[in-house]
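In what follows, a structure is listed as structure tokens, so that the remarks can point back to it.
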Amino acid sequence: MNVLIVYAHPEPRSLNGSLKDFSVRHLEDAGHHVQVSDLYAMKWKASLDAQDSTAWPADARFDASLASKEAYETSTQRHDIALEQEKLRWADAVILQFPLWWFSMPAILKGWVERVYAYGFAYGVGEHSDNHWGDRYGEGAMAGKRAMLLVTTGGWESHYGPRGINGPIEDILFPIQHGILYYPGFDVVPPFVIYRTGRTDEERYGHIRDALGQRLDTLWTAAPIPFRPQNTGAYDIPALTLRPDLAPGEEGLRVHIAKE
Ligand code: FAD
């Protein structure tokens with residue numbers, strides 16, 4: 001299988017750096033092919049702007065979606081964007097690896113998503129009408145591929161538990177797992193989260209590495225998070241609200257995950 005690791009940490013000698021190197025070795029030893037987009041090492045340009053569309057007229061008002069659409073359709077995107085899209089096409093599985101920074105991904109990784117997820121590639125795919133709001137949430141260019149988050153946090157596991165002060169980790173990661181990964185079609189397997197990283201010594205590192213190895217071994221077989229697909233009848237159209245008979249009386253992020 002082909003695995004793409006999109007990795008966002010500025011320091012190769014960090015915990016994240018060690019775990020990224022471990023993942024590459026572990027996957028390759030198991031016979032998989034691995035590419036790493038090491039965003040800081042690549043000096044990835046994080047901000048989406050008019051320079052991303054090489055044919056966009058210099059004096060024209062910049063319209064981010066339209067410019068992305070035209071550049072994608074006419075192969076006039078900046079080369080760095082096209083290269084990352086090619087890696088995504090190549091990959092059978094994608095791992096986004098990052099330290100949790102202000103309850104989200106580091107800005108450089110968000111910038112990777114904003115620029116690589118072009119109109120026509122990751123959004124604006126398929127029929128758009130009142131009856132069919134695009135091929136997304138379970139459909140799209142990444143359908144059939146798997147994705148997993150590998151996240152480190154300073155906070156404790158209890159801080160991210162069901163009643164933890166930071167809010168449940170599933171809710172914090174929802175915009176990434178549902179909005180960024182499931183939206184263009186990935187099957188998203190549960191995240192591998194390492195809490196309380198400040199308390200990591202050699203012994204704990206060994207346990208983390210073993211647990212990560214096991215998760216990598218089951219990347220292909222683990223049950224994905226059962227997010228509800230958009231286009232198979234669970235949502236009333238055109239409002240795209242969950243049918244009242246599904247998760248009756250409930251609201252919020254979790255209603256979009258089917259209970260099995
Ligand atoms: P490091 O700092 O590199 O390492 C952590 C520990 O692991 C150290 O003790 C180190 O000695 C040890 N270690 C590293 N490599 C090895 C190895 N090979 N073997 C054995 N031990 C090793 N946390 C939250 O919970 N929520 C937030 O919203 C949040 N926001 C943040 C925002 C910013 C801007 C920053 C800088 C930090 C934030 N944090 C937050 C904390 C952050 O998530 C953690 O600092 C980060 O996840 C730790 O990962 P690291 O790779 O940088 O670890």
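Letters A, B, ... mark the chains of the structure tokens in the order given; residue numbers begin at 1 per chain; ligand numbers begin at 1, in order shown.
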
DSSP on the backbone, alpha helix (DSSP H) only: what residues of segment 2-130 of chain A does that give? Format it as number ranges by chain. A: 15-29, 64-73, 79-90, 107-116

Which polymer residues have any atom within 6 Å of an atom of Gly140 of chain A, counting only C-alpha atoms, with same-chain residues fewer than 2 positions away left out, as a PyMOL selection string? chain A and resi 135-136+142-143+184-185

Contact table chain A vs ligand 1, cut-off 6 Å, shortest pair per residue, only C-alpha atoms and all ligand atoms, as a Markdown table:
```
| residue | atom | partner | partner_atom_place_in_ligand_line | distance |
| --- | --- | --- | --- | --- |
| A:Ser14 | CA | ligand 1 | 3 (O) | 3.2 |
| A:Leu15 | CA | ligand 1 | 15 (N) | 3.5 |
| A:Asn16 | CA | ligand 1 | 51 (O) | 3.7 |
| A:Ser18 | CA | ligand 1 | 18 (N) | 5.0 |
| A:Pro99 | CA | ligand 1 | 47 (O) | 3.9 |
| A:Leu100 | CA | ligand 1 | 43 (O) | 4.2 |
| A:Trp101 | CA | ligand 1 | 30 (N) | 3.4 |
| A:Trp102 | CA | ligand 1 | 28 (O) | 3.3 |
| A:Phe103 | CA | ligand 1 | 28 (O) | 3.7 |
| A:Thr152 | CA | ligand 1 | 47 (O) | 3.9 |
| A:Thr153 | CA | ligand 1 | 43 (O) | 3.6 |
| A:Gly154 | CA | ligand 1 | 23 (N) | 3.7 |
| A:Gly155 | CA | ligand 1 | 25 (O) | 3.6 |
| A:Thr197 | CA | ligand 1 | 5 (C) | 4.8 |
| A:Gly198 | CA | ligand 1 | 9 (O) | 4.6 |
| A:Arg199 | CA | ligand 1 | 9 (O) | 5.7 |
| A:Thr200 | CA | ligand 1 | 7 (O) | 4.4 |
| A:Asp201 | CA | ligand 1 | 21 (N) | 4.6 |
| A:Glu202 | CA | ligand 1 | 20 (C) | 4.4 |
| A:Tyr205 | CA | ligand 1 | 20 (C) | 4.9 |
```

Using Å and a single decimal, report how far atom CA of His9 of chain A sits from atom CA of Ala41 of chain A.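 Going from atom CA of Ala41 of chain A over to atom CA of His9 of chain A covers 8.9 Å.
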
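Checking A:Val34, A:Thr241, A:Arg209, A:Gly124 one by one against Glu73 of chain A, counting only C-alpha atoms, you find the shortest gap at A:Gly124.
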
Atom CA of Ala141 of chain A and atom CA of Gly120 of chain A, how far apart in Å?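 A separation of 9.0 Å between them.
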
Just give me the gap between atom CA of Arg204 of chain A and atom CA of Ser23 of chain A in Å, one decimal is fine.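 We find that atom CA of Arg204 of chain A and atom CA of Ser23 of chain A lie 16.7 Å from each other.
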
Restrict the calculation to only C-alpha atoms, then for each residue of segment 163-205 of chain A with any atom at most 10 Å from an atom of segment 86-96 of chain A give the closest atom pair and their distance in Å to one decimal, rows by chain and rising residue number, as a Markdown table.
```
| residue | atom | partner | partner_atom | distance |
| --- | --- | --- | --- | --- |
| A:Ile176 | CA | A:Leu96 | CA | 9.7 |
| A:Leu181 | CA | A:Val94 | CA | 9.4 |
| A:Phe186 | CA | A:Ala93 | CA | 8.6 |
| A:Asp187 | CA | A:Ala93 | CA | 9.2 |
| A:Val188 | CA | A:Val94 | CA | 9.5 |
| A:Pro191 | CA | A:Ile95 | CA | 9.6 |
```

Serialized selection, N, CA, C and O atoms, as a CSV table (one decimal), in the first residue's frame:
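Wrote it out as out-v7.csv, contents follow:
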```
chain,number,residue,atom,x,y,z
A,176,ILE,N,-11.6,18.5,11.7
A,176,ILE,CA,-10.5,18.0,10.9
A,176,ILE,C,-10.9,16.6,10.3
A,176,ILE,O,-10.8,16.3,9.1
A,181,LEU,N,-11.3,15.6,6.3
A,181,LEU,CA,-11.0,14.2,5.8
A,181,LEU,C,-12.2,13.5,5.2
A,181,LEU,O,-12.1,13.0,4.1
A,186,PHE,N,-12.5,10.5,2.3
A,186,PHE,CA,-11.7,9.5,3.1
A,186,PHE,C,-12.5,8.7,4.1
A,186,PHE,O,-13.4,9.3,4.7
A,187,ASP,N,-12.2,7.5,4.3
A,187,ASP,CA,-12.6,6.7,5.4
A,187,ASP,C,-11.7,7.1,6.5
A,187,ASP,O,-10.5,6.8,6.4
A,188,VAL,N,-12.2,7.6,7.6
A,188,VAL,CA,-11.3,8.1,8.7
A,188,VAL,C,-11.3,7.1,9.9
A,188,VAL,O,-12.3,6.8,10.5
A,191,PRO,N,-8.4,8.4,15.7
A,191,PRO,CA,-7.1,9.1,15.8
A,191,PRO,C,-6.2,8.4,16.7
A,191,PRO,O,-6.6,7.7,17.7
```

Hey, what does DSSP flag as strand (DSSP E) within segment 59-220 of chain A? Can you give it to me as a ChimeraX atom specification? /A:93-99,128-129,132-133,146-152,187-188,192-194

Output file for the selection above: N, CA and C atoms, as a PDB file, in the first residue's frame:
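Result written to out-v2.pdb:
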```pdb
ATOM      1  N   ALA A  93      -3.485   5.523   1.784  1.00  0.00           N
ATOM      2  CA  ALA A  93      -3.793   6.013   3.133  1.00  0.00           C
ATOM      3  C   ALA A  93      -2.978   7.277   3.394  1.00  0.00           C
ATOM      4  N   VAL A  94      -3.576   8.182   4.138  1.00  0.00           N
ATOM      5  CA  VAL A  94      -2.932   9.456   4.460  1.00  0.00           C
ATOM      6  C   VAL A  94      -2.946   9.633   5.975  1.00  0.00           C
ATOM      7  N   ILE A  95      -1.793   9.984   6.520  1.00  0.00           N
ATOM      8  CA  ILE A  95      -1.705  10.283   7.953  1.00  0.00           C
ATOM      9  C   ILE A  95      -1.355  11.763   8.085  1.00  0.00           C
ATOM     10  N   LEU A  96      -2.181  12.494   8.811  1.00  0.00           N
ATOM     11  CA  LEU A  96      -1.826  13.871   9.155  1.00  0.00           C
ATOM     12  C   LEU A  96      -1.239  13.833  10.554  1.00  0.00           C
ATOM     13  N   GLN A  97       0.022  14.233  10.696  1.00  0.00           N
ATOM     14  CA  GLN A  97       0.687  14.175  12.009  1.00  0.00           C
ATOM     15  C   GLN A  97       1.085  15.569  12.469  1.00  0.00           C
ATOM     16  N   PHE A  98       0.664  15.896  13.692  1.00  0.00           N
ATOM     17  CA  PHE A  98       0.949  17.253  14.185  1.00  0.00           C
ATOM     18  C   PHE A  98       0.780  17.335  15.693  1.00  0.00           C
ATOM     19  N   PRO A  99       1.470  18.277  16.340  1.00  0.00           N
ATOM     20  CA  PRO A  99       1.170  18.600  17.735  1.00  0.00           C
ATOM     21  C   PRO A  99      -0.085  19.474  17.770  1.00  0.00           C
ATOM     22  N   HIS A 128     -23.976  19.682  -8.534  1.00  0.00           N
ATOM     23  CA  HIS A 128     -24.431  20.618  -7.498  1.00  0.00           C
ATOM     24  C   HIS A 128     -25.814  21.137  -7.875  1.00  0.00           C
ATOM     25  N   SER A 129     -26.820  20.671  -7.134  1.00  0.00           N
ATOM     26  CA  SER A 129     -28.190  21.115  -7.366  1.00  0.00           C
ATOM     27  C   SER A 129     -28.902  21.054  -6.023  1.00  0.00           C
ATOM     28  N   HIS A 132     -28.678  17.480  -4.916  1.00  0.00           N
ATOM     29  CA  HIS A 132     -27.382  16.807  -4.746  1.00  0.00           C
ATOM     30  C   HIS A 132     -26.308  17.874  -4.563  1.00  0.00           C
ATOM     31  N   TRP A 133     -25.926  18.086  -3.304  1.00  0.00           N
ATOM     32  CA  TRP A 133     -24.974  19.161  -3.010  1.00  0.00           C
ATOM     33  C   TRP A 133     -23.547  18.614  -3.109  1.00  0.00           C
ATOM     34  N   ARG A 146      -7.967   5.697   2.965  1.00  0.00           N
ATOM     35  CA  ARG A 146      -8.105   5.810   4.423  1.00  0.00           C
ATOM     36  C   ARG A 146      -7.293   6.983   4.942  1.00  0.00           C
ATOM     37  N   ALA A 147      -7.685   7.505   6.080  1.00  0.00           N
ATOM     38  CA  ALA A 147      -6.937   8.599   6.698  1.00  0.00           C
ATOM     39  C   ALA A 147      -6.952   8.431   8.204  1.00  0.00           C
ATOM     40  N   MET A 148      -5.881   8.904   8.833  1.00  0.00           N
ATOM     41  CA  MET A 148      -5.789   8.848  10.295  1.00  0.00           C
ATOM     42  C   MET A 148      -5.024  10.075  10.784  1.00  0.00           C
ATOM     43  N   LEU A 149      -5.444  10.585  11.927  1.00  0.00           N
ATOM     44  CA  LEU A 149      -4.694  11.656  12.578  1.00  0.00           C
ATOM     45  C   LEU A 149      -3.741  11.056  13.599  1.00  0.00           C
ATOM     46  N   LEU A 150      -2.527  11.600  13.655  1.00  0.00           N
ATOM     47  CA  LEU A 150      -1.568  11.269  14.709  1.00  0.00           C
ATOM     48  C   LEU A 150      -1.253  12.591  15.407  1.00  0.00           C
ATOM     49  N   VAL A 151      -1.755  12.715  16.633  1.00  0.00           N
ATOM     50  CA  VAL A 151      -1.759  14.017  17.309  1.00  0.00           C
ATOM     51  C   VAL A 151      -1.104  13.894  18.681  1.00  0.00           C
ATOM     52  N   THR A 152      -0.287  14.856  19.043  1.00  0.00           N
ATOM     53  CA  THR A 152       0.276  14.912  20.388  1.00  0.00           C
ATOM     54  C   THR A 152      -0.306  16.122  21.112  1.00  0.00           C
ATOM     55  N   ASP A 187     -12.187   7.466   4.263  1.00  0.00           N
ATOM     56  CA  ASP A 187     -12.647   6.720   5.431  1.00  0.00           C
ATOM     57  C   ASP A 187     -11.677   7.061   6.548  1.00  0.00           C
ATOM     58  N   VAL A 188     -12.192   7.591   7.642  1.00  0.00           N
ATOM     59  CA  VAL A 188     -11.330   8.106   8.709  1.00  0.00           C
ATOM     60  C   VAL A 188     -11.302   7.102   9.856  1.00  0.00           C
ATOM     61  N   PHE A 192      -4.877   8.517  16.541  1.00  0.00           N
ATOM     62  CA  PHE A 192      -3.899   8.054  17.534  1.00  0.00           C
ATOM     63  C   PHE A 192      -3.428   9.305  18.260  1.00  0.00           C
ATOM     64  N   VAL A 193      -3.872   9.445  19.510  1.00  0.00           N
ATOM     65  CA  VAL A 193      -3.573  10.671  20.264  1.00  0.00           C
ATOM     66  C   VAL A 193      -2.631  10.344  21.418  1.00  0.00           C
ATOM     67  N   ILE A 194      -1.576  11.105  21.559  1.00  0.00           N
ATOM     68  CA  ILE A 194      -0.643  10.944  22.680  1.00  0.00           C
ATOM     69  C   ILE A 194      -0.806  12.167  23.578  1.00  0.00           C
TER      70      ILE A 194
END
```

Residues at most 8 Å from Asp49 of chain A, counting only C-alpha atoms, excluding those fewer than 2 positions away in the same chain, as an MDAnalysis selection string? chainID A and resid 47 51:52 62 64

Determine, counting only C-alpha atoms, which protein, DNA and RNA residues have an atom within 12 Å of an atom of Trp112 of chain A; residues of the same chain fewer than 5 positions away are not included. Present the result as a list in words. Val6, Tyr7, Ala8, Ser37, Asp38, Leu39, Tyr40, Met42, Lys43, Trp44, Lys45, Ala46, Ser47, Leu48, Asp52, Asp80, Ile81, Ala82, Leu83, Glu84, Gln85, Leu96, Met105, Pro106, Ala107, Tyr117, Ala118 and Ile180 of chain A

Writing out the chosen residues with N, CA, C and O atoms as an mmCIF file, in the first residue's frame:
```
data_model
loop_
_atom_site.group_PDB
_atom_site.id
_atom_site.type_symbol
_atom_site.label_atom_id
_atom_site.label_comp_id
_atom_site.auth_asym_id
_atom_site.auth_seq_id
_atom_site.Cartn_x
_atom_site.Cartn_y
_atom_site.Cartn_z
ATOM 1 N N VAL A 6 1.631 13.475 6.060
ATOM 2 C CA VAL A 6 1.769 14.934 5.992
ATOM 3 C C VAL A 6 2.097 15.380 7.414
ATOM 4 O O VAL A 6 1.282 15.219 8.333
ATOM 5 N N TYR A 7 3.289 15.901 7.572
ATOM 6 C CA TYR A 7 3.897 16.039 8.889
ATOM 7 C C TYR A 7 4.219 17.510 9.161
ATOM 8 O O TYR A 7 4.868 18.173 8.333
ATOM 9 N N ALA A 8 3.764 17.997 10.312
ATOM 10 C CA ALA A 8 3.957 19.419 10.624
ATOM 11 C C ALA A 8 4.586 19.569 12.007
ATOM 12 O O ALA A 8 3.885 19.617 13.024
ATOM 13 N N SER A 37 5.439 14.370 3.413
ATOM 14 C CA SER A 37 5.476 15.809 3.151
ATOM 15 C C SER A 37 5.821 16.476 4.472
ATOM 16 O O SER A 37 4.950 16.653 5.343
ATOM 17 N N ASP A 38 7.097 16.792 4.630
ATOM 18 C CA ASP A 38 7.604 17.401 5.875
ATOM 19 C C ASP A 38 7.510 18.921 5.667
ATOM 20 O O ASP A 38 8.406 19.555 5.095
ATOM 21 N N LEU A 39 6.397 19.487 6.115
ATOM 22 C CA LEU A 39 6.031 20.837 5.674
ATOM 23 C C LEU A 39 7.040 21.902 6.064
ATOM 24 O O LEU A 39 7.341 22.804 5.277
ATOM 25 N N TYR A 40 7.570 21.825 7.298
ATOM 26 C CA TYR A 40 8.574 22.831 7.680
ATOM 27 C C TYR A 40 9.851 22.650 6.872
ATOM 28 O O TYR A 40 10.440 23.633 6.403
ATOM 29 N N MET A 42 10.109 21.492 3.961
ATOM 30 C CA MET A 42 9.820 21.906 2.574
ATOM 31 C C MET A 42 9.649 23.420 2.457
ATOM 32 O O MET A 42 9.477 23.938 1.364
ATOM 33 N N LYS A 43 9.647 24.087 3.613
ATOM 34 C CA LYS A 43 9.326 25.523 3.662
ATOM 35 C C LYS A 43 7.999 25.781 2.925
ATOM 36 O O LYS A 43 7.885 26.642 2.061
ATOM 37 N N TRP A 44 7.032 24.970 3.290
ATOM 38 C CA TRP A 44 5.713 25.049 2.654
ATOM 39 C C TRP A 44 5.115 26.450 2.810
ATOM 40 O O TRP A 44 5.102 27.019 3.892
ATOM 41 N N LYS A 45 4.639 26.991 1.728
ATOM 42 C CA LYS A 45 3.960 28.295 1.745
ATOM 43 C C LYS A 45 2.567 28.075 2.329
ATOM 44 O O LYS A 45 1.773 27.329 1.758
ATOM 45 N N ALA A 46 2.306 28.710 3.469
ATOM 46 C CA ALA A 46 1.075 28.382 4.197
ATOM 47 C C ALA A 46 -0.130 29.213 3.759
ATOM 48 O O ALA A 46 -1.263 28.812 4.003
ATOM 49 N N SER A 47 0.099 30.371 3.138
ATOM 50 C CA SER A 47 -1.061 31.221 2.871
ATOM 51 C C SER A 47 -1.534 31.094 1.427
ATOM 52 O O SER A 47 -0.751 31.185 0.480
ATOM 53 N N LEU A 48 -2.823 30.879 1.306
ATOM 54 C CA LEU A 48 -3.476 30.830 -0.002
ATOM 55 C C LEU A 48 -3.619 32.265 -0.512
ATOM 56 O O LEU A 48 -4.170 33.117 0.188
ATOM 57 N N ASP A 52 -1.021 31.637 -6.070
ATOM 58 C CA ASP A 52 -1.248 30.192 -6.236
ATOM 59 C C ASP A 52 -1.832 29.846 -7.601
ATOM 60 O O ASP A 52 -1.819 28.693 -8.009
ATOM 61 N N ASP A 80 3.960 23.523 -6.494
ATOM 62 C CA ASP A 80 3.972 22.841 -5.189
ATOM 63 C C ASP A 80 2.593 22.270 -4.850
ATOM 64 O O ASP A 80 2.482 21.193 -4.251
ATOM 65 N N ILE A 81 1.538 22.945 -5.269
ATOM 66 C CA ILE A 81 0.180 22.458 -5.022
ATOM 67 C C ILE A 81 -0.081 21.190 -5.841
ATOM 68 O O ILE A 81 -0.557 20.170 -5.319
ATOM 69 N N ALA A 82 0.265 21.257 -7.125
ATOM 70 C CA ALA A 82 0.021 20.096 -8.001
ATOM 71 C C ALA A 82 0.783 18.863 -7.514
ATOM 72 O O ALA A 82 0.273 17.739 -7.572
ATOM 73 N N LEU A 83 2.000 19.074 -7.008
ATOM 74 C CA LEU A 83 2.796 17.943 -6.510
ATOM 75 C C LEU A 83 2.113 17.264 -5.330
ATOM 76 O O LEU A 83 2.076 16.034 -5.239
ATOM 77 N N GLU A 84 1.563 18.056 -4.418
ATOM 78 C CA GLU A 84 0.877 17.467 -3.255
ATOM 79 C C GLU A 84 -0.399 16.743 -3.687
ATOM 80 O O GLU A 84 -0.739 15.694 -3.141
ATOM 81 N N GLN A 85 -1.099 17.294 -4.667
ATOM 82 C CA GLN A 85 -2.304 16.603 -5.159
ATOM 83 C C GLN A 85 -1.926 15.259 -5.774
ATOM 84 O O GLN A 85 -2.638 14.264 -5.607
ATOM 85 N N LEU A 96 -2.181 12.494 8.811
ATOM 86 C CA LEU A 96 -1.826 13.871 9.155
ATOM 87 C C LEU A 96 -1.239 13.833 10.554
ATOM 88 O O LEU A 96 -1.914 13.414 11.504
ATOM 89 N N MET A 105 -4.694 22.231 14.307
ATOM 90 C CA MET A 105 -3.441 21.899 13.640
ATOM 91 C C MET A 105 -2.565 23.143 13.523
ATOM 92 O O MET A 105 -3.086 24.268 13.484
ATOM 93 N N PRO A 106 -1.239 22.984 13.486
ATOM 94 C CA PRO A 106 -0.386 24.148 13.251
ATOM 95 C C PRO A 106 -0.766 24.841 11.928
ATOM 96 O O PRO A 106 -1.208 24.187 10.980
ATOM 97 N N ALA A 107 -0.571 26.144 11.890
ATOM 98 C CA ALA A 107 -1.015 26.944 10.741
ATOM 99 C C ALA A 107 -0.438 26.434 9.417
ATOM 100 O O ALA A 107 -1.107 26.484 8.379
ATOM 101 N N TYR A 117 -6.238 21.453 -1.316
ATOM 102 C CA TYR A 117 -7.624 21.045 -1.526
ATOM 103 C C TYR A 117 -8.305 22.018 -2.498
ATOM 104 O O TYR A 117 -9.165 22.813 -2.126
ATOM 105 N N ALA A 118 -7.948 21.928 -3.747
ATOM 106 C CA ALA A 118 -8.447 22.881 -4.740
ATOM 107 C C ALA A 118 -9.909 22.614 -5.106
ATOM 108 O O ALA A 118 -10.413 21.501 -4.945
ATOM 109 N N ILE A 180 -12.414 17.990 7.076
ATOM 110 C CA ILE A 180 -11.262 18.004 6.155
ATOM 111 C C ILE A 180 -11.017 16.614 5.544
ATOM 112 O O ILE A 180 -10.636 16.512 4.381
#
```
